[in-house]
Structures are given as C-alpha cells and as structure tokens.
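Written out below as structure tokens is the structure these notes cover.
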Amino acid sequence: MSTQYRTMKDVPKEEYLAQGHRLCAGCTAATAIRQILKVSGPNTVVVSATGCVEVATSFFPQSAWRIPWVHVGFVNSAAVASGIESAMKALFRKKKTDEKVNVIALGGDGGTFDIGLQALSGAMERGHDFVYVCYDNEAYMNTGVQRSSATPFCASTTTCPAGKFSRGQSTEKKDLVAIALAHNIPYAATATPAYPFDLMNKVRRAIDVEGPALIHVLTPCPTGWRFEVEKGIDYSKMAVLTGLWPLYEVAKGSMRLTVQVPRREPVKKYLEAQGRFKHLKPEDIEGIQSRADLLAAKYGLGPVKEQV
Amino acid sequence: MARVGLSGNYAIAYAVKMADVDLIAAYPITPQTTIVEKLSDFVANGELNAEYINVESEHSAMSACIGASLTGARVFTATSSQGLAYMHEVLFMASVLRTPIVLANVNRALSAPLNIWNDHSDAMAERDSGWIQFWASSAQEAFDTTVLAFKVAEETRLPVMVNIDGFIVSHTYEPVEMPGEDAIRSFIPSKAMLNRVSPRLSYSTGVVGPPEYYYEMKYQAVDAIERSRERIREMQATYNKAFGRDYGDTYGYFMEDADYALLTMGSMTGTARVVAEKLRSQGEKAGVVSIRTYRPFPSDILERLLRGVKSVGVMDRAVTPGGPVSPLLADLASCLYGFAERPVLQGFVAGLGGRDVTEDEFEMMYSKTKDAGKSGHAGQTVYVGLRE
C-alpha cells in the first residue's frame, strides 16, 4: 500500500527543487515539480527534455536540482531514462553497484505530445520501470508560445494566432493518457498542482507500481495563457471545476475519478480572463462548453451550476 | 589463442561479449544487423550478462546509450548509414557529455537513392561529432579494434566509433585469432565507472551552457580528443604487446622508399597492396598508406611517412558536394600544407554505393598519381569508374 498524503503534516518538508530558479513568476510547472520531488525523495534521478523547466533550472553555473538530474536533448528524455533504468538494473544484477534509484523522465507538452512521442512510446512499450511526467502548459512556451498538439481548440498562439481568417488553434488536444494506456502500462493519471495531495498520491502510486507509469499534469502558464501571475493556481483549479481537466487515474485498467466535481463551473469563467481566448465569440464558448459536457459524461462529473 | 572462421560482424559481436558489456541498445539496419542478432543470442542464452534494449530508433539507441553510460555501465551499439545519420544530433551530445560509448558503424552509403552497399559517406558526415574514429579492414582487425575501443573510450572518456566496410568486411568470413576471455578482461577489466546519476553525488549533467561558458565546455571535449592521440598510441602498444599484433594509427606498405603512394581507409587497402606488389615486381616504387585512426587525425605520422614521397593519390569513398575536394583529401591537404616539402596530392573518388573498384582501376590510379608527381601538379579529382 502506497503512502497517503492527506494533510500538510504528511508532506515532507525537504525541498529538492531549490528556489531562485529562472522560471517565470507564477509558473505552475515549478509548483508541480516541487510537489513531485517531495514524493520521490532524494533517491531519484530526473531526466529532463529540453524545455522551459530544463533551461530555467540548469543555467550554468547554477542548478536548482538537489538530486541527480540529466538533460540530453529535446526528443529523448524517455530514451535516456530507458538507458539509465536498464543500466542500473544490469549493474545491480552484476553486483557492480548497490544503488537502486527512482527514474523520472520529464517533458513539456512539445517534448511529449510532439517531438518526443516516439521515444515515449518505445519506452512505455518496452516496460521500463520509470515514471514519465508531462508538464503541459499547452504550447511551446520556452520558444515563445507556438502551438503544439496539446494546445486546446481555439487558443491563440504565435503560430496559430487568432485573425480575420482564424479562430486560433483549429484542432482538439490529443488524449495523452489514452495514448499511454494503449501501451498497456499499469498506471496513468492526470493531475494539476491546485490539488497537491491528489498529485502527490498519484506520484507515489506511479513510483511504487512496477513498470512504466505516466502522469499528465496541467500547468497553467501566465506568460503564454496571458493571465495575472498570481492566478496560476486559480486556473489550475478552474480547469478541474469546469470539467475541462478531469482528475482521474487508471490503475491496472480500471479508471477512478480522484476529485469529484458535483457542480461544474461554466467554461466561460475559465476562458474569459485568459488572453489566449480573448477573441472567442459566444458560439466558440458554446462549442468548448459542449466539449466539457462530453468530458463530464465520460468521467462522471456533475452538471453545470445554474448561472446566476 | 583460438582460431575460428568469423565474419567481420561476428568478430565484433565476440569482442563485445568478451568485453562483458552491461548494456546494448540497438535498432536493426543492414549491414550491421548480424552484430546485434549475435549479441541478442548471447544475452538470450546467458552467455552475456547484459541488458539488451530493443529501442524504436537509432536516435533512441544513442540516447539510451548516453543514459546508460552516465550510470558507469559499459555500453555498446551498432549501426550503419541512415542509422548513424539519425543519431547525428545525439552523437555530438555523447562526446561533450564524455560518455565512453563504443559504436560499431558498418559503413554503408547514404540515401538517396536507397543503397545498402558500402561506401564511407555515413562516417564522413559525422567526422566533426567529437568521436574517436577507428577503421578496420579485416575481421581480425574488427575484433582487435573493438576490444581496443573499449579501453580507449574508458581511458579518454570519449565515445569511439569502429568502422568496417559493409559486406566487404562485415559479411566476409575470415580466420580470426581470439585470445581467451581472461586475457581480454585483464586488458579491459569489467568494472563499473563512476555513476554520474548517483544520489550520492547529485550532479546536474547536460546543463545550459550560456556564451560565457559554452566555449570552454566545448573546448574540453576538443582538448580531450587532441590529448587522446598519445594515449591511443600507448594503448595500442600495450595491446600489441599483450596479443602479438602490430597496430598503429596508420599502416604503411612499401613506404620505406616509395616514390608515389595511394592513401586509403578500410578494405580497399587490400587491393591497393596487391596492386602495389605487382607494380613493385615491375620495378615501380609504389606504396600504400592506410589510415586506421581517422579521428584524431594522425597528422604527425602522415607527415613523416610521406616525407620524400613525390605524389600521393588519395582515395575517397565519400564526396563533399560543392566543396573544394573530397573529405580525406581535404584532411591530408590541410595537414601537409604547412610543410615546405610536400607531395603532390591527386584526388580520387571511388566505390560509391558499393561499386567495385577493380585492380585495373587501381593501376590507373597509381599511374595518374605517378604522372602528377612527375609533372609537379595534380589534375582534377578523378571519379573512378563513373559512366558519363
């Protein structure tokens, strides 16, 4: 049985991501990683794909990582993690080491949904015992907010800008957890840092399970989504309460909603204050509301609150 | 010492087994595949205690090797042509991250058009990646060079590529003398190196190198391969002494008094030798120089070896489209440029995409090289055997 995080008393005080890193003010990816590392503890190696977190935490001569950390390239965090996991296994078996470590591979949505998907698929299919964490800020934020295949429908980015002939992103976000589950992996979950205990319990289960596990973390980005820097956790929460980001886990094939939403907020509340959705017309918002309704039906969320 | 019939690829597989590697990550590609098939057999039968990762691409093969190497494990991969090209960006990371990976590259032409046969365009395209490059021209050399590669990689903390010609060496069976496993292990002891991802150290590896630091970080890898020159020679000497061989960075044939010579790499050295012998019997002072260590380039040895030679024909099995000359010729020309007395260099491109290079064609190359020496200047690069 995995450790349960229920109150702040259960959460280790140690910080493994040092303060003073170079992530933007209000970045919720940093919050998520801080929560993840509290669970994994110091006996962990993190492999980062190129991206916001990587460039902002390892700018030589400083590093924000208080645990072993590796970056090789953009495409290959899952492949590098495969090599580390397998080599450590071989060395242990051959009595060349007495160390066993948790291996966490980390990628943004670009490094996971797009350029790193093949390496991730290979690593999950081969069954390496590691945890893959995708911190999803829904565009290539590090290079200046270009669209990825995780960018939601209608969001305006620098490469799918809203304009006379465009309403922003023209496609729906890929379902990463479904892709992961298609590899028959034993554990996959969604998370977001506004629900720290939910996120931490999922990380615990992902580490404890034998074989590959994937956690898809929504990390609202004030820079790319264009909202006030102090609002990151509010948006993280609002995504869940509107039903656009259901929090669930799939362990050994069975799905469980981990955060109940008995009365959903209308998506309008989530969309209207974000700069990337400023251009939306009422019919666009209606379309996104229908999408939230579909997700709610699929994952067992409640109906939308009556509007006052 | 056991004497067995092995293909070049199997010779490499046996060397890797004797090296007791901890991890192999590889993706199939012709003509490399029989190396990793053999290694899979060794692992499946318990003859080799290693993790074998069937990666989904060469990009991931090299990435997994880097991750594995960072743990201190001894790692190996093999590839050819498009596979090496697909590894391209990761090769540069491997050298600067100082991961001592051994890679067998079974040389094959680069597409397009698709071609599975031998030339050197794959390795030549990676000559600036910071990898040590060895070239072996027989199954015996493939075995010995692979064992040596592990030693050199681990002592210099640089990745090493062992090149053999696709099919010509990789699939030809030759007698190979293999020392016992104990002898090999005493040359390359099977022990883990420093684990750079250990929580006991908490290193950050592969950081952002801003302009204030990138230059020095990159230079460390440049300096490492420069410094490896002497170390490689020492290790070759140790290997030669232990196993009764005679390897150096270059190989010279009839070079004591040659007036003109052909410079080759890989299996074409054999034909160059046969034709040189024939010319010698006719009273010609022909010679052969073959490069075994291509990176770091053995400039000092070549300068000494070619002193007093009137002309050198340089045979490239690769091209530099739009460049001044093909890659090996460019390397030799730049290493000799600083010397007042230097031979005339005549360029040849031959054997692209597996085209046979006949003895007659070698004779033609010798003859053109001799003419260049006599006239004191070289002609345009000759595309040997090209139908126009």
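Ordered as shown in the structure tokens, chains take letters A, B, and onward, while each chain numbers its residues from 1 and ligands are numbered from 1 in the order shown.
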*Give the residues of chain B that lie within 8 Å of chain A; count only C-alpha atoms, and format the answer as a PyMOL selection string.*
chain B and resi 22-23+25+49-51+53-56+59-61+63-71+73+90+93+191-192+196-199+201-210+213
Just-selected residues, C-alpha atoms written as a PDB file, in the first residue's frame:
ATOM      1  CA  ASP B  22      26.451  -4.204 -19.306  1.00  0.00           C
ATOM      2  CA  LEU B  23      24.051  -2.773 -21.846  1.00  0.00           C
ATOM      3  CA  ALA B  25      20.754  -0.565 -27.144  1.00  0.00           C
ATOM      4  CA  ASN B  49      25.039 -10.862 -18.700  1.00  0.00           C
ATOM      5  CA  ALA B  50      23.729  -7.606 -20.157  1.00  0.00           C
ATOM      6  CA  GLU B  51      20.523  -5.658 -20.664  1.00  0.00           C
ATOM      7  CA  ILE B  53      17.216  -2.710 -25.170  1.00  0.00           C
ATOM      8  CA  ASN B  54      15.318  -3.126 -28.426  1.00  0.00           C
ATOM      9  CA  VAL B  55      14.897   0.592 -28.999  1.00  0.00           C
ATOM     10  CA  GLU B  56      12.436   2.006 -31.511  1.00  0.00           C
ATOM     11  CA  HIS B  59      18.036   8.251 -32.122  1.00  0.00           C
ATOM     12  CA  SER B  60      16.790   6.414 -29.051  1.00  0.00           C
ATOM     13  CA  ALA B  61      19.625   3.859 -29.305  1.00  0.00           C
ATOM     14  CA  SER B  63      20.109   8.368 -26.256  1.00  0.00           C
ATOM     15  CA  ALA B  64      19.724   5.180 -24.201  1.00  0.00           C
ATOM     16  CA  CYS B  65      23.468   4.554 -24.532  1.00  0.00           C
ATOM     17  CA  ILE B  66      24.193   8.018 -23.132  1.00  0.00           C
ATOM     18  CA  GLY B  67      21.837   7.468 -20.198  1.00  0.00           C
ATOM     19  CA  ALA B  68      23.339   4.046 -19.545  1.00  0.00           C
ATOM     20  CA  SER B  69      26.894   5.275 -19.846  1.00  0.00           C
ATOM     21  CA  LEU B  70      26.206   8.001 -17.278  1.00  0.00           C
ATOM     22  CA  THR B  71      25.486   5.265 -14.711  1.00  0.00           C
ATOM     23  CA  ALA B  73      27.957   0.934 -17.245  1.00  0.00           C
ATOM     24  CA  VAL B  90      22.903  12.802 -30.225  1.00  0.00           C
ATOM     25  CA  MET B  93      25.970  15.253 -27.110  1.00  0.00           C
ATOM     26  CA  LYS B 191      34.192  -2.876 -13.552  1.00  0.00           C
ATOM     27  CA  ALA B 192      31.717  -0.054 -13.332  1.00  0.00           C
ATOM     28  CA  ARG B 196      27.186  10.222 -12.588  1.00  0.00           C
ATOM     29  CA  VAL B 197      23.467   9.873 -11.796  1.00  0.00           C
ATOM     30  CA  SER B 198      24.051   8.615  -8.277  1.00  0.00           C
ATOM     31  CA  PRO B 199      22.093  10.351  -5.489  1.00  0.00           C
ATOM     32  CA  LEU B 201      26.719  12.840  -5.931  1.00  0.00           C
ATOM     33  CA  SER B 202      23.614  14.711  -7.119  1.00  0.00           C
ATOM     34  CA  TYR B 203      25.287  16.070 -10.232  1.00  0.00           C
ATOM     35  CA  SER B 204      23.391  18.095 -12.798  1.00  0.00           C
ATOM     36  CA  THR B 205      24.504  16.814 -16.199  1.00  0.00           C
ATOM     37  CA  GLY B 206      23.744  18.367 -19.567  1.00  0.00           C
ATOM     38  CA  VAL B 207      23.132  21.891 -18.312  1.00  0.00           C
ATOM     39  CA  VAL B 208      22.572  25.057 -20.315  1.00  0.00           C
ATOM     40  CA  GLY B 209      25.942  26.486 -21.350  1.00  0.00           C
ATOM     41  CA  PRO B 210      25.496  30.219 -21.953  1.00  0.00           C
ATOM     42  CA  TYR B 213      30.707  29.032 -20.540  1.00  0.00           C
TER      43      TYR B 213
END
_DSSP helix (DSSP H, G or I) residues within stretch 37-272 of chain A, listed as a ChimeraX atom specification_ = /A:37-40,52-57,77-93,109-114,117-126,176-181,196-208,222-225,229-241,267-271
*Near stretch 306-314 of chain B, counting only C-alpha atoms, which residues have an atom at most 7 Å away, once you skip same-chain residues fewer than 2 positions from it, shown as a list in words?*
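Neighbouring residues, sequence-local ones excluded: Ala258, Asp259, Tyr260, Ala261, Leu262, Leu263, Thr264, Leu302, Glu303, Arg304, Asp316, Leu329, Arg342, Pro343, Val344, Leu345, Gln346, Gly347, Phe348, Met365, Thr369, Lys370, Ala372 and Gly373 of chain B.
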Output file for the residues above (C-alpha atoms, as an mmCIF file, in the first residue's frame):
data_model
loop_
_atom_site.group_PDB
_atom_site.id
_atom_site.type_symbol
_atom_site.label_atom_id
_atom_site.label_comp_id
_atom_site.auth_asym_id
_atom_site.auth_seq_id
_atom_site.Cartn_x
_atom_site.Cartn_y
_atom_site.Cartn_z
ATOM 1 C CA ALA B 258 58.148 4.756 -52.160
ATOM 2 C CA ASP B 259 58.162 7.486 -54.813
ATOM 3 C CA TYR B 260 54.405 7.550 -55.029
ATOM 4 C CA ALA B 261 51.645 6.076 -52.895
ATOM 5 C CA LEU B 262 47.925 5.614 -52.535
ATOM 6 C CA LEU B 263 46.191 6.699 -49.323
ATOM 7 C CA THR B 264 43.195 4.544 -48.387
ATOM 8 C CA LEU B 302 51.404 11.044 -42.085
ATOM 9 C CA GLU B 303 53.806 13.934 -42.480
ATOM 10 C CA ARG B 304 56.718 11.673 -41.508
ATOM 11 C CA ASP B 316 37.835 8.815 -51.004
ATOM 12 C CA LEU B 329 41.921 14.563 -49.444
ATOM 13 C CA ARG B 342 55.185 18.049 -49.557
ATOM 14 C CA PRO B 343 53.967 15.552 -52.117
ATOM 15 C CA VAL B 344 51.605 16.424 -54.954
ATOM 16 C CA LEU B 345 48.134 15.203 -53.986
ATOM 17 C CA GLN B 346 45.898 13.653 -56.631
ATOM 18 C CA GLY B 347 42.251 13.126 -55.636
ATOM 19 C CA PHE B 348 40.183 10.060 -56.492
ATOM 20 C CA MET B 365 45.116 5.478 -60.030
ATOM 21 C CA THR B 369 49.404 9.604 -59.208
ATOM 22 C CA LYS B 370 52.834 8.924 -60.665
ATOM 23 C CA ALA B 372 51.077 14.037 -61.057
ATOM 24 C CA GLY B 373 54.378 13.550 -59.227
#
